[in-house]
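Chemist: What follows is model_9.cif, made up of mmCIF, C-alpha atoms (C1' of nucleotides):
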```cif
data_input
#
loop_
_atom_site.label_atom_id
_atom_site.label_comp_id
_atom_site.auth_asym_id
_atom_site.auth_seq_id
_atom_site.Cartn_x
_atom_site.Cartn_y
_atom_site.Cartn_z
CA MET A 1 9.88 -5.59 -8.37
CA SER A 2 7.20 -3.31 -9.78
CA LEU A 3 9.07 -0.12 -9.01
CA LYS A 4 11.04 -0.96 -12.13
CA TYR A 5 7.94 -0.74 -14.30
CA ALA A 6 6.60 2.28 -12.45
CA VAL A 7 9.80 4.10 -13.38
CA LEU A 8 9.64 2.92 -16.99
CA ALA A 9 6.00 4.02 -17.16
CA ALA A 10 6.90 7.41 -15.76
CA LEU A 11 9.52 7.81 -18.48
CA LEU A 12 6.83 7.34 -21.13
CA GLU A 13 6.11 11.03 -20.48
CA GLY A 14 9.59 11.87 -21.71
CA GLU A 15 13.13 12.03 -20.36
CA ALA A 16 13.60 13.04 -16.74
CA SER A 17 16.27 13.23 -14.08
CA GLY A 18 16.07 11.34 -10.79
CA TYR A 19 15.15 14.54 -9.07
CA GLU A 20 12.38 15.34 -11.54
CA LEU A 21 11.04 11.80 -11.24
CA SER A 22 10.92 12.10 -7.49
CA LYS A 23 8.65 15.12 -8.00
CA VAL A 24 6.47 13.25 -10.49
CA PHE A 25 6.18 10.35 -8.10
CA ASP A 26 5.18 12.73 -5.39
CA VAL A 27 2.19 14.10 -7.25
CA SER A 28 0.87 11.49 -9.63
CA LEU A 29 2.53 8.05 -9.57
CA ALA A 30 2.61 8.10 -5.75
CA ASN A 31 -1.10 7.55 -6.09
CA PHE A 32 -0.43 3.89 -6.86
CA TRP A 33 3.30 3.32 -6.42
CA PRO A 34 5.03 5.56 -3.91
CA ALA A 35 8.82 5.78 -3.93
CA THR A 36 11.38 7.87 -2.12
CA PRO A 37 14.13 9.70 -4.04
CA GLN A 38 16.66 7.14 -2.79
CA GLN A 39 14.69 4.29 -4.24
CA LEU A 40 14.42 6.09 -7.56
CA TYR A 41 18.12 6.84 -7.88
CA ARG A 42 18.99 3.22 -7.16
CA GLU A 43 16.38 1.93 -9.59
CA LEU A 44 17.53 4.29 -12.34
CA GLU A 45 21.09 3.04 -11.86
CA ARG A 46 19.90 -0.54 -12.18
CA LEU A 47 17.72 0.13 -15.22
CA ALA A 48 20.55 1.95 -16.96
CA GLY A 49 22.83 -1.00 -16.18
CA ASP A 50 20.29 -3.34 -17.76
CA GLY A 51 20.04 -1.16 -20.85
CA LEU A 52 16.32 -0.40 -20.37
CA ILE A 53 16.97 3.32 -20.08
CA GLU A 54 19.83 5.50 -21.17
CA ALA A 55 21.33 8.51 -19.48
CA ARG A 56 22.75 11.72 -20.83
CA THR A 57 24.53 14.23 -18.66
CA VAL A 58 23.27 17.79 -18.90
CA PRO A 59 25.44 20.49 -17.33
CA GLN A 60 23.46 23.51 -16.20
CA GLU A 61 24.46 27.07 -15.59
CA ARG A 62 23.19 27.90 -12.16
CA ARG A 63 22.29 24.39 -10.97
CA PRO A 64 24.14 21.15 -10.38
CA THR A 65 24.63 18.97 -13.43
CA LYS A 66 21.80 16.53 -13.89
CA ARG A 67 21.46 13.20 -15.64
CA LEU A 68 18.42 12.84 -17.86
CA PHE A 69 17.12 9.33 -18.41
CA SER A 70 15.00 8.13 -21.31
CA LEU A 71 13.50 4.80 -22.38
CA THR A 72 15.43 2.62 -24.78
CA GLU A 73 13.69 0.36 -27.27
CA ALA A 74 14.41 -2.58 -24.93
CA GLY A 75 12.84 -0.71 -22.02
CA ARG A 76 9.75 0.15 -23.99
CA GLU A 77 9.41 -3.45 -25.02
CA GLN A 78 9.78 -4.86 -21.49
CA LEU A 79 7.24 -2.36 -20.21
CA GLY A 80 4.83 -3.41 -22.94
CA ASP A 81 5.28 -7.08 -22.06
CA PHE A 82 4.71 -6.37 -18.39
CA ALA A 83 1.61 -4.30 -19.06
CA ALA A 84 0.01 -7.07 -21.12
CA GLU A 85 0.62 -9.79 -18.51
CA PRO A 86 -2.06 -10.71 -15.99
CA THR A 87 -1.54 -8.94 -12.66
CA ARG A 88 0.22 -11.00 -9.99
CA ARG A 89 -0.16 -8.94 -6.87
CA PRO A 90 -3.55 -7.57 -5.83
CA THR A 91 -3.78 -4.00 -4.60
CA ALA A 92 -2.06 -3.49 -1.27
CA VAL A 93 -3.31 -0.60 0.81
CA ARG A 94 -1.33 0.35 3.90
CA ASP A 95 -3.28 2.82 5.97
CA GLU A 96 -2.29 3.65 9.53
CA PHE A 97 -5.38 5.79 9.86
CA LEU A 98 -7.75 2.86 9.30
CA ILE A 99 -5.98 0.90 12.04
CA LYS A 100 -6.84 3.80 14.32
CA MET A 101 -10.42 3.70 13.13
CA GLN A 102 -10.57 -0.03 13.77
CA ALA A 103 -9.51 0.65 17.37
CA MET A 104 -11.48 3.89 17.78
CA ASP A 105 -14.03 2.59 20.26
CA GLY A 106 -11.64 2.79 23.20
CA VAL A 107 -10.65 6.38 22.43
CA ASP A 108 -11.88 9.85 23.39
CA PRO A 109 -14.50 10.77 20.76
CA ALA A 110 -13.08 14.28 20.43
CA ALA A 111 -9.71 12.83 19.45
CA VAL A 112 -11.35 10.52 16.92
CA ARG A 113 -13.27 13.42 15.44
CA ALA A 114 -10.07 15.45 15.11
CA LEU A 115 -8.40 12.55 13.30
CA VAL A 116 -11.29 12.15 10.88
CA GLU A 117 -11.46 15.86 10.18
CA GLU A 118 -7.74 15.96 9.49
CA ARG A 119 -8.10 13.08 7.08
CA ARG A 120 -11.00 14.70 5.33
CA ALA A 121 -9.09 17.95 4.88
CA TRP A 122 -6.14 16.01 3.50
CA ALA A 123 -8.34 14.11 1.03
CA LEU A 124 -9.95 17.32 -0.17
CA GLY A 125 -6.53 18.91 -0.59
CA LYS A 126 -5.31 16.02 -2.68
CA LEU A 127 -8.50 16.14 -4.70
CA ALA A 128 -7.94 19.82 -5.49
CA ARG A 129 -4.39 19.07 -6.66
CA TYR A 130 -5.60 16.19 -8.83
CA GLU A 131 -8.23 18.41 -10.39
CA ARG A 132 -5.55 20.89 -11.38
CA VAL A 133 -3.50 18.11 -12.99
CA ARG A 134 -6.66 17.01 -14.77
CA GLU A 135 -7.26 20.47 -16.24
CA ARG A 136 -3.69 20.49 -17.48
CA LEU A 137 -4.08 17.05 -19.07
CA LEU A 138 -7.37 17.92 -20.77
CA ASP A 139 -5.94 21.21 -22.00
CA GLY A 140 -9.29 22.70 -22.99
CA ARG A 141 -10.82 19.53 -24.44
CA THR A 142 -13.78 17.84 -22.80
CA GLU A 143 -13.25 14.49 -21.12
CA GLN A 144 -15.10 12.75 -23.97
CA GLU A 145 -12.96 14.34 -26.64
CA HIS A 146 -9.78 13.52 -24.80
CA LEU A 147 -10.74 9.90 -24.11
CA ARG A 148 -11.75 9.30 -27.72
CA GLU A 149 -8.95 11.05 -29.49
CA ALA A 150 -5.86 11.47 -27.36
CA ASP A 151 -2.75 9.43 -28.14
CA ARG A 152 -2.47 8.27 -24.56
CA VAL A 153 -5.37 7.79 -22.14
CA GLY A 154 -3.54 5.75 -19.47
CA PRO A 155 -2.38 8.74 -17.45
CA TYR A 156 -5.85 10.29 -17.53
CA LEU A 157 -7.53 7.07 -16.42
CA THR A 158 -5.15 6.46 -13.52
CA LEU A 159 -5.66 10.06 -12.49
CA ALA A 160 -9.42 9.48 -12.62
CA ALA A 161 -8.91 6.49 -10.32
CA GLY A 162 -7.03 8.71 -7.87
CA ILE A 163 -9.79 11.30 -8.00
CA ALA A 164 -12.49 8.69 -7.37
CA PHE A 165 -10.44 7.28 -4.49
CA GLU A 166 -10.01 10.60 -2.72
CA ARG A 167 -13.62 11.59 -3.32
CA GLU A 168 -14.71 8.32 -1.70
CA ASN A 169 -12.32 8.98 1.13
CA ALA A 170 -13.80 12.38 1.86
CA ARG A 171 -17.32 10.99 1.64
CA TRP A 172 -16.41 8.23 4.09
CA CYS A 173 -15.02 10.77 6.54
CA GLU A 174 -18.26 12.71 6.38
CA HIS A 175 -20.22 9.56 7.05
CA VAL A 176 -18.08 8.80 10.09
CA LEU A 177 -18.57 12.33 11.43
CA THR A 178 -22.33 11.86 11.16
CA VAL A 179 -22.08 8.56 13.01
CA LEU A 180 -20.02 10.18 15.75
CA ASP A 181 -22.68 12.88 16.09
CA GLY A 182 -25.35 10.24 16.45
CA ARG A 183 -23.43 8.60 19.26
CA ARG A 184 -22.58 11.70 21.30
CA THR A 185 -25.63 11.05 23.49
CA PRO A 186 -26.02 7.28 23.67
CA ALA A 187 -29.62 6.56 22.72
CA GLY A 188 -31.77 5.48 25.66
CA PRO A 189 -35.04 3.57 25.04
CA ALA A 190 -36.84 6.81 24.16
CA GLY A 191 -33.90 8.31 22.33
CA GLN A 192 -34.12 11.41 24.56
CA PRO A 193 -31.06 13.66 24.31
CA LEU A 194 -29.44 14.25 27.69
CA GLY A 195 -28.22 17.80 27.47
CA MET B 1 5.96 -0.05 12.78
CA SER B 2 2.18 -0.04 12.40
CA LEU B 3 1.91 -3.79 12.06
CA LYS B 4 2.26 -3.78 15.82
CA TYR B 5 -0.92 -1.78 16.23
CA ALA B 6 -2.73 -3.67 13.50
CA VAL B 7 -2.14 -6.86 15.49
CA LEU B 8 -3.22 -5.24 18.75
CA ALA B 9 -6.35 -3.92 17.04
CA ALA B 10 -7.10 -7.38 15.66
CA LEU B 11 -6.87 -8.80 19.17
CA LEU B 12 -9.60 -6.40 20.30
CA GLU B 13 -11.95 -8.99 18.79
CA GLY B 14 -10.74 -11.51 21.35
CA GLU B 15 -7.86 -13.93 21.75
CA ALA B 16 -6.46 -15.61 18.69
CA SER B 17 -3.56 -17.78 17.56
CA GLY B 18 -1.04 -16.73 14.96
CA TYR B 19 -2.71 -18.97 12.48
CA GLU B 20 -6.15 -17.56 13.17
CA LEU B 21 -4.81 -14.03 12.89
CA SER B 22 -3.30 -14.84 9.53
CA LYS B 23 -6.81 -15.76 8.38
CA VAL B 24 -8.30 -12.58 9.84
CA PHE B 25 -5.62 -10.54 8.11
CA ASP B 26 -6.44 -12.29 4.89
CA VAL B 27 -10.08 -11.29 4.85
CA SER B 28 -10.59 -8.07 6.80
CA LEU B 29 -7.48 -6.34 8.11
CA ALA B 30 -5.70 -7.03 4.83
CA ASN B 31 -7.99 -4.34 3.51
CA PHE B 32 -5.75 -1.73 5.10
CA TRP B 33 -2.73 -3.54 6.53
CA PRO B 34 -1.71 -6.76 4.78
CA ALA B 35 0.67 -9.15 6.51
CA THR B 36 2.00 -12.62 5.77
CA PRO B 37 1.82 -15.37 8.42
CA GLN B 38 5.58 -15.08 8.97
CA GLN B 39 5.27 -11.41 9.77
CA LEU B 40 2.49 -12.11 12.22
CA TYR B 41 4.34 -14.84 14.08
CA ARG B 42 7.36 -12.59 14.42
CA GLU B 43 5.29 -9.66 15.57
CA LEU B 44 3.37 -11.75 18.11
CA GLU B 45 6.68 -12.94 19.57
CA ARG B 46 7.86 -9.36 19.88
CA LEU B 47 4.61 -8.11 21.41
CA ALA B 48 4.59 -10.94 23.95
CA GLY B 49 8.21 -10.09 24.81
CA ASP B 50 7.17 -6.46 25.40
CA GLY B 51 4.27 -7.53 27.61
CA LEU B 52 1.61 -6.02 25.33
CA ILE B 53 -0.03 -9.38 24.76
CA GLU B 54 0.05 -12.62 26.68
CA ALA B 55 0.04 -16.17 25.41
CA ARG B 56 -1.57 -19.29 26.72
CA THR B 57 -0.90 -22.70 25.29
CA VAL B 58 -3.93 -24.71 24.30
CA PRO B 59 -3.39 -28.40 23.51
CA GLN B 60 -5.95 -29.76 21.06
CA GLU B 61 -7.12 -33.26 20.41
CA ARG B 62 -6.87 -33.71 16.69
CA ARG B 63 -4.79 -30.67 15.84
CA PRO B 64 -1.37 -29.33 16.74
CA THR B 65 -1.20 -27.39 20.00
CA LYS B 66 -1.80 -23.71 19.48
CA ARG B 67 -0.88 -20.58 21.37
CA LEU B 68 -3.70 -18.12 21.93
CA PHE B 69 -2.73 -14.49 22.39
CA SER B 70 -4.75 -11.81 24.12
CA LEU B 71 -4.26 -8.13 24.91
CA THR B 72 -2.82 -7.14 28.26
CA GLU B 73 -3.81 -3.92 30.00
CA ALA B 74 -0.50 -2.43 28.81
CA GLY B 75 -1.29 -3.46 25.24
CA ARG B 76 -4.75 -1.99 25.36
CA GLU B 77 -3.32 1.25 26.70
CA GLN B 78 -0.61 1.56 24.03
CA LEU B 79 -3.18 0.88 21.33
CA GLY B 80 -5.43 3.58 22.77
CA ASP B 81 -2.54 6.07 22.82
CA PHE B 82 -1.64 5.24 19.24
CA ALA B 83 -5.23 5.55 18.05
CA ALA B 84 -5.60 9.02 19.56
CA GLU B 85 -2.38 10.38 18.02
CA PRO B 86 -2.44 12.28 14.74
CA THR B 87 -1.59 10.03 11.78
CA ARG B 88 2.01 10.19 10.62
CA ARG B 89 1.99 8.26 7.39
CA PRO B 90 -0.55 9.02 4.66
CA THR B 91 -2.25 6.13 2.90
CA ALA B 92 0.12 4.16 0.72
CA VAL B 93 -1.48 2.28 -2.14
CA ARG B 94 0.70 -0.14 -4.11
CA ASP B 95 -1.08 -1.31 -7.19
CA GLU B 96 0.73 -3.12 -9.97
CA PHE B 97 -2.42 -3.06 -12.05
CA LEU B 98 -2.52 0.74 -12.18
CA ILE B 99 1.07 0.81 -13.41
CA LYS B 100 -0.15 -1.34 -16.29
CA MET B 101 -3.00 1.05 -16.89
CA GLN B 102 -0.59 3.99 -16.89
CA ALA B 103 1.36 2.21 -19.65
CA MET B 104 -1.65 0.75 -21.46
CA ASP B 105 -1.42 2.88 -24.58
CA GLY B 106 1.39 0.81 -26.05
CA VAL B 107 -0.43 -2.47 -25.54
CA ASP B 108 -2.85 -4.65 -27.50
CA PRO B 109 -6.34 -3.37 -26.59
CA ALA B 110 -7.65 -6.94 -26.20
CA ALA B 111 -5.02 -7.63 -23.55
CA VAL B 112 -5.90 -4.42 -21.72
CA ARG B 113 -9.57 -5.33 -21.81
CA ALA B 114 -8.81 -8.76 -20.37
CA LEU B 115 -6.82 -7.17 -17.54
CA VAL B 116 -9.60 -4.74 -16.71
CA GLU B 117 -12.24 -7.44 -16.79
CA GLU B 118 -10.16 -9.61 -14.48
CA ARG B 119 -9.80 -6.72 -12.10
CA ARG B 120 -13.50 -5.99 -12.18
CA ALA B 121 -14.35 -9.62 -11.41
CA TRP B 122 -11.91 -9.60 -8.55
CA ALA B 123 -13.37 -6.40 -7.08
CA LEU B 124 -16.90 -7.79 -7.32
CA GLY B 125 -15.78 -10.99 -5.62
CA LYS B 126 -14.22 -9.09 -2.78
CA LEU B 127 -17.34 -6.97 -2.51
CA ALA B 128 -19.49 -10.07 -2.16
CA ARG B 129 -17.25 -11.39 0.63
CA TYR B 130 -17.36 -8.03 2.39
CA GLU B 131 -21.14 -7.98 2.17
CA ARG B 132 -21.28 -11.35 3.89
CA VAL B 133 -19.03 -10.11 6.69
CA ARG B 134 -21.29 -7.08 6.94
CA GLU B 135 -24.41 -9.21 7.37
CA ARG B 136 -22.65 -11.13 10.10
CA LEU B 137 -21.61 -7.93 11.86
CA LEU B 138 -25.07 -6.39 11.66
CA ASP B 139 -26.65 -9.63 12.86
CA GLY B 140 -30.21 -8.67 11.92
CA ARG B 141 -30.04 -5.03 12.99
CA THR B 142 -30.22 -2.20 10.49
CA GLU B 143 -27.11 -0.16 9.83
CA GLN B 144 -28.60 2.78 11.74
CA GLU B 145 -29.37 0.70 14.80
CA HIS B 146 -25.95 -0.83 14.80
CA LEU B 147 -24.13 2.47 14.35
CA ARG B 148 -26.11 4.15 17.13
CA GLU B 149 -26.11 1.39 19.68
CA ALA B 150 -23.32 -1.12 19.21
CA ASP B 151 -20.42 -1.20 21.65
CA ARG B 152 -17.91 -1.05 18.83
CA VAL B 153 -18.41 0.65 15.49
CA GLY B 154 -14.75 0.73 14.36
CA PRO B 155 -14.83 -2.66 12.64
CA TYR B 156 -18.07 -1.81 10.84
CA LEU B 157 -16.76 1.54 9.64
CA THR B 158 -13.49 0.14 8.32
CA LEU B 159 -15.48 -2.56 6.57
CA ALA B 160 -17.67 0.15 5.05
CA ALA B 161 -14.48 1.82 3.79
CA GLY B 162 -13.45 -1.45 2.16
CA ILE B 163 -16.85 -1.82 0.54
CA ALA B 164 -16.79 1.72 -0.80
CA PHE B 165 -13.29 1.15 -2.13
CA GLU B 166 -14.14 -2.02 -4.04
CA ARG B 167 -17.37 -0.56 -5.35
CA GLU B 168 -15.43 2.39 -6.71
CA ASN B 169 -12.91 -0.01 -8.17
CA ALA B 170 -15.57 -1.94 -10.06
CA ARG B 171 -17.17 1.28 -11.28
CA TRP B 172 -13.81 2.52 -12.55
CA CYS B 173 -13.27 -0.72 -14.44
CA GLU B 174 -16.62 -0.33 -16.13
CA HIS B 175 -15.74 3.21 -17.09
CA VAL B 176 -12.47 2.05 -18.64
CA LEU B 177 -14.27 -0.67 -20.60
CA THR B 178 -16.59 1.98 -22.02
CA VAL B 179 -13.63 4.11 -22.98
CA LEU B 180 -11.96 1.17 -24.69
CA ASP B 181 -15.15 0.55 -26.67
CA GLY B 182 -15.20 4.18 -27.77
CA ARG B 183 -11.63 3.86 -29.09
CA ARG B 184 -11.97 0.60 -30.98
CA THR B 185 -12.56 2.53 -34.18
CA PRO B 186 -10.50 5.68 -33.93
CA ALA B 187 -12.83 8.56 -34.77
CA GLY B 188 -12.10 10.12 -38.12
CA PRO B 189 -13.24 13.68 -38.94
CA ALA B 190 -16.78 12.50 -39.63
CA GLY B 191 -16.81 9.95 -36.83
CA GLN B 192 -17.75 7.25 -39.32
CA PRO B 193 -17.31 3.69 -37.96
CA LEU B 194 -14.98 1.67 -40.15
CA GLY B 195 -16.20 -1.92 -39.62
"C1'" DA C 1 -4.12 -46.66 -0.55
"C1'" DG C 2 -2.18 -42.44 -2.24
"C1'" DA C 3 -2.25 -37.61 -3.04
"C1'" DA C 4 -3.57 -33.29 -1.84
"C1'" DG C 5 -4.62 -29.98 1.40
"C1'" DC C 6 -5.48 -28.08 6.10
"C1'" DT C 7 -3.87 -26.67 10.88
"C1'" DA C 8 -0.02 -24.69 13.30
"C1'" DC C 9 4.32 -23.06 13.48
"C1'" DT C 10 9.54 -22.13 12.69
"C1'" DG C 11 13.87 -20.78 10.18
"C1'" DA C 12 16.95 -18.67 6.99
"C1'" DA C 13 17.96 -15.90 3.17
"C1'" DC C 14 16.79 -12.39 0.49
"C1'" DT C 15 14.77 -8.05 -1.34
"C1'" DA C 16 12.53 -3.72 -0.58
"C1'" DT C 17 11.73 0.34 1.86
"C1'" DT C 18 12.59 3.92 5.18
"C1'" DT C 19 15.41 7.18 7.69
"C1'" DG C 20 19.02 10.22 8.43
"C1'" DA C 21 22.66 12.49 6.98
"C1'" DA C 22 26.22 14.55 3.89
"C1'" DT C 23 27.75 17.33 -0.15
"C1'" DA C 24 27.61 21.59 -2.68
"C1'" DG C 25 26.23 25.54 -4.86
"C1'" DG C 26 22.06 28.64 -5.69
"C1'" DT C 27 17.88 31.46 -4.61
"C1'" DG C 28 14.91 34.22 -1.77
"C1'" DT C 29 13.58 36.69 2.59
"C1'" DG C 30 14.04 39.86 6.31
"C1'" DC D 1 24.58 38.79 5.96
"C1'" DA D 2 22.41 35.08 8.27
"C1'" DC D 3 18.94 31.63 7.62
"C1'" DA D 4 16.08 28.69 5.39
"C1'" DC D 5 14.87 26.29 1.52
"C1'" DC D 6 15.63 24.44 -3.47
"C1'" DT D 7 18.17 21.59 -6.97
"C1'" DA D 8 20.59 17.24 -7.53
"C1'" DT D 9 22.62 13.34 -5.91
"C1'" DT D 10 24.97 9.80 -2.95
"C1'" DC D 11 25.99 6.88 1.20
"C1'" DA D 12 25.11 4.06 5.16
"C1'" DA D 13 22.27 1.80 8.39
"C1'" DA D 14 18.15 0.10 10.10
"C1'" DT D 15 13.69 -1.78 9.62
"C1'" DA D 16 10.10 -4.10 7.12
"C1'" DG D 17 8.40 -7.45 4.09
"C1'" DT D 18 8.71 -11.55 0.86
"C1'" DT D 19 9.90 -16.13 -0.51
"C1'" DC D 20 11.02 -20.70 0.03
"C1'" DA D 21 11.37 -24.51 2.67
"C1'" DG D 22 10.56 -27.68 6.35
"C1'" DT D 23 8.14 -30.25 10.37
"C1'" DA D 24 4.25 -33.02 11.78
"C1'" DG D 25 -0.06 -34.95 12.25
"C1'" DC D 26 -4.70 -34.86 10.55
"C1'" DT D 27 -8.69 -34.79 7.09
"C1'" DT D 28 -10.72 -35.27 2.57
"C1'" DC D 29 -11.10 -36.74 -1.99
"C1'" DT D 30 -10.36 -40.11 -5.59
#
```
Spit out the file's structure as structure tokens when you get a sec.

Modeler:
Amino acid sequence: MSLKYAVLAALLEGEASGYELSKVFDVSLANFWPATPQQLYRELERLAGDGLIEARTVPQERRPTKRLFSLTEAGREQLGDFAAEPTRRPTAVRDEFLIKMQAMDGVDPAAVRALVEERRAWALGKLARYERVRERLLDGRTEQEHLREADRVGPYLTLAAGIAFERENARWCEHVLTVLDGRRTPAGPAGQPLG
Amino acid sequence: MSLKYAVLAALLEGEASGYELSKVFDVSLANFWPATPQQLYRELERLAGDGLIEARTVPQERRPTKRLFSLTEAGREQLGDFAAEPTRRPTAVRDEFLIKMQAMDGVDPAAVRALVEERRAWALGKLARYERVRERLLDGRTEQEHLREADRVGPYLTLAAGIAFERENARWCEHVLTVLDGRRTPAGPAGQPLG
DNA sequence: AGAAGCTACTGAACTATTTGAATAGGTGTG
DNA sequence: CACACCTATTCAAATAGTTCAGTAGCTTCT
């Protein structure tokens, strides 16, 4: 049900085709509402049918024709209503990796370590990408300037949430690696390393 | 597909009924793999059919009869295999609230503030519950002792991830409230407050 | 005494999401 | 020139997840 509003919110940035949206979702919105291209195309169809967005067909020279969608007044209004309502659903995190961590005690420590290191690398990669988006958003201003004066601060603040999340993720991975180190030689009464 | 392993991992704590699991999922596992009771009952049926868990019926005096499920050797093995494999799916966060934040710039600031304050309260509440679970897990030991010596550290570490996540959440909310304060009187050239 | 709420589970219908593939022309690499 | 990958979209099928309701006896509050 919320994909609808995620799409409307994405179109606040300006008109976009399904394909372009699927790229946007991949980098920024996916942070809090992931969607596959198929979902987006279907949702765009539905929203256009409901008159919340409108489409215009744009033929291109060396590319397939695309359909650009933009918010209608009705769409903008419904999005505004939604955004002012109290939130129904709490955050839902689905994380296969944390299931593995929950069950890690029956597993070869080297395999666990590999998993955690992979996750850490992935978090740091995402962080680097977010930072680049952030530079683009700030466009030379400082954070303070931007947050005080910009027309829209929503996108910056959600990005900041993503950054904090991935930073925390990486930190957690480092903590786990330390813990794994501390358990390599199970501590005897004197805590003497074995070899 | 991962609900399967989430259930198996939950049963590492010992045998449980569907109903009990639905409570466990509500407080701890829901942190990284939410599931409704209906999903759990269906999944338990499937897992029992596949021989990964086994059921025993326990009649009770003043309550309906319940079926307690526990891991079989086959189940334990499949869970171990899964937990050692590289992770296929990256973390998926679905957060209606952040969609609202993305779109917040067209909305009455008082309504936004109310939303953020609600979210902050909710994060702090969850944090308090997590801290209680943490005390119970540590059972008088310090974190260091527990992490070095306990048989299982997985549950503690995933809990720590949940704690870090909610802490970050609350911090982010506070940041947003500060930003909203800074924008109440849009800064003119001289930055003179208007009220 | 009546209402609400908990334990414990089941069923059916519905909506959402994922996966795989197909179409069709264009660009870039070796 | 073969091959892989990009733009841009659509279709079909399968799997996953949500919602609503119902059964049935018990406890707790008013």

Chemist: Could you make a table, as a Markdown table, of the residues of chain A that have an atom within 12 Å of an atom of chain C, each with its nearest atom pair and distance in Å to one decimal, counting all atoms listed in the file, in chain and number order?

Modeler:
```
| residue | atom | partner | partner_atom | distance |
| --- | --- | --- | --- | --- |
| A:Met1 | CA | C:DA16 | C1' | 8.4 |
| A:Ser2 | CA | C:DA16 | C1' | 10.6 |
| A:Leu3 | CA | C:DA16 | C1' | 9.8 |
| A:Lys4 | CA | C:DA16 | C1' | 12.0 |
| A:Pro34 | CA | C:DT17 | C1' | 10.3 |
| A:Ala35 | CA | C:DT17 | C1' | 8.5 |
| A:Thr36 | CA | C:DT18 | C1' | 8.4 |
| A:Pro37 | CA | C:DT18 | C1' | 11.0 |
| A:Gln38 | CA | C:DT18 | C1' | 9.5 |
| A:Gln39 | CA | C:DT17 | C1' | 7.8 |
| A:Leu40 | CA | C:DT17 | C1' | 11.4 |
| A:Arg42 | CA | C:DA16 | C1' | 11.5 |
| A:Glu43 | CA | C:DA16 | C1' | 11.3 |
| A:Gln60 | CA | C:DG26 | C1' | 11.8 |
| A:Glu61 | CA | C:DG26 | C1' | 10.3 |
| A:Arg62 | CA | C:DG26 | C1' | 6.6 |
| A:Arg63 | CA | C:DG26 | C1' | 6.8 |
| A:Pro64 | CA | C:DG25 | C1' | 7.4 |
| A:Thr65 | CA | C:DG25 | C1' | 10.9 |
```

Chemist: Hey, list the chain D side of the contact with chain A: 10 Å cut-off, only C-alpha atoms (C1' of nucleotides), answer as a ChimeraX atom specification.

Modeler: /D:7-10

Chemist: For stretch 51-57 of chain B, list every protein, DNA or RNA residue within 12 Å, evaluated using all atoms listed in the file, and leave out those in the same chain fewer than 6 positions away; present the list as a short mmCIF file (atom, residue, chain, number, x, y, z; two decimals) with C-alpha atoms, in the coordinates of the input.

Modeler:
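Generated output (around30.cif):
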```
data_model
loop_
_atom_site.label_atom_id
_atom_site.label_comp_id
_atom_site.auth_asym_id
_atom_site.auth_seq_id
_atom_site.Cartn_x
_atom_site.Cartn_y
_atom_site.Cartn_z
CA LYS B 4 2.26 -3.78 15.82
CA TYR B 5 -0.92 -1.78 16.23
CA VAL B 7 -2.14 -6.86 15.49
CA LEU B 8 -3.22 -5.24 18.75
CA ALA B 9 -6.35 -3.92 17.04
CA ALA B 10 -7.10 -7.38 15.66
CA LEU B 11 -6.87 -8.80 19.17
CA LEU B 12 -9.60 -6.40 20.30
CA GLY B 14 -10.74 -11.51 21.35
CA GLU B 15 -7.86 -13.93 21.75
CA ALA B 16 -6.46 -15.61 18.69
CA SER B 17 -3.56 -17.78 17.56
CA GLY B 18 -1.04 -16.73 14.96
CA GLU B 43 5.29 -9.66 15.57
CA LEU B 44 3.37 -11.75 18.11
CA GLU B 45 6.68 -12.94 19.57
CA PRO B 64 -1.37 -29.33 16.74
CA THR B 65 -1.20 -27.39 20.00
CA LYS B 66 -1.80 -23.71 19.48
CA ARG B 67 -0.88 -20.58 21.37
CA LEU B 68 -3.70 -18.12 21.93
CA PHE B 69 -2.73 -14.49 22.39
CA SER B 70 -4.75 -11.81 24.12
CA LEU B 71 -4.26 -8.13 24.91
CA THR B 72 -2.82 -7.14 28.26
CA GLU B 73 -3.81 -3.92 30.00
CA ALA B 74 -0.50 -2.43 28.81
CA GLY B 75 -1.29 -3.46 25.24
CA ARG B 76 -4.75 -1.99 25.36
CA GLU B 77 -3.32 1.25 26.70
CA GLN B 78 -0.61 1.56 24.03
CA LEU B 79 -3.18 0.88 21.33
#
```

Chemist: Atom CA of B:Leu127 to atom CA of B:Glu174: how many Å, to one decimal?

Modeler: 15.2 Å

Chemist: So how many Å separate atom CA of B:Ala170 and atom CA of A:Phe82, to one decimal?

Modeler: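 According to the coordinates, atom CA of B:Ala170 and atom CA of A:Phe82 are separated by 22.4 Å.
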
Chemist: Sorted by chain and rising residue number, which residues of stretch 92-172 of chain A lie within 6 Å of stretch 98-118 of chain B, and what are their closest atom pairs and distances in Å to one decimal, counting only C-alpha atoms, as a Markdown table?

Modeler:
```
| residue | atom | partner | partner_atom | distance |
| --- | --- | --- | --- | --- |
| A:Arg152 | CA | B:Asp105 | CA | 5.5 |
| A:Gly154 | CA | B:Gln102 | CA | 4.3 |
| A:Pro155 | CA | B:Gln102 | CA | 5.1 |
```

Chemist: Evaluate the PyMOL selection byres ((chain B and resi 183) around 10) against this structure - the residues, as a list in words, please.

Modeler: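 That expression, the PyMOL selection byres ((chain B and resi 183) around 10), corresponds here to Leu147, Arg148, Glu149 and Ala150 of chain A; Pro109, Leu177, Thr178, Val179, Leu180, Asp181, Gly182, Arg184, Thr185, Pro186 and Ala187 of chain B.
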
Chemist: Expressed in Å to a single decimal, how great is the separation between atom CA of B:His175 and atom CA of A:Asp95?

Modeler: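 Here the two named atoms are 26.2 Å from each other.
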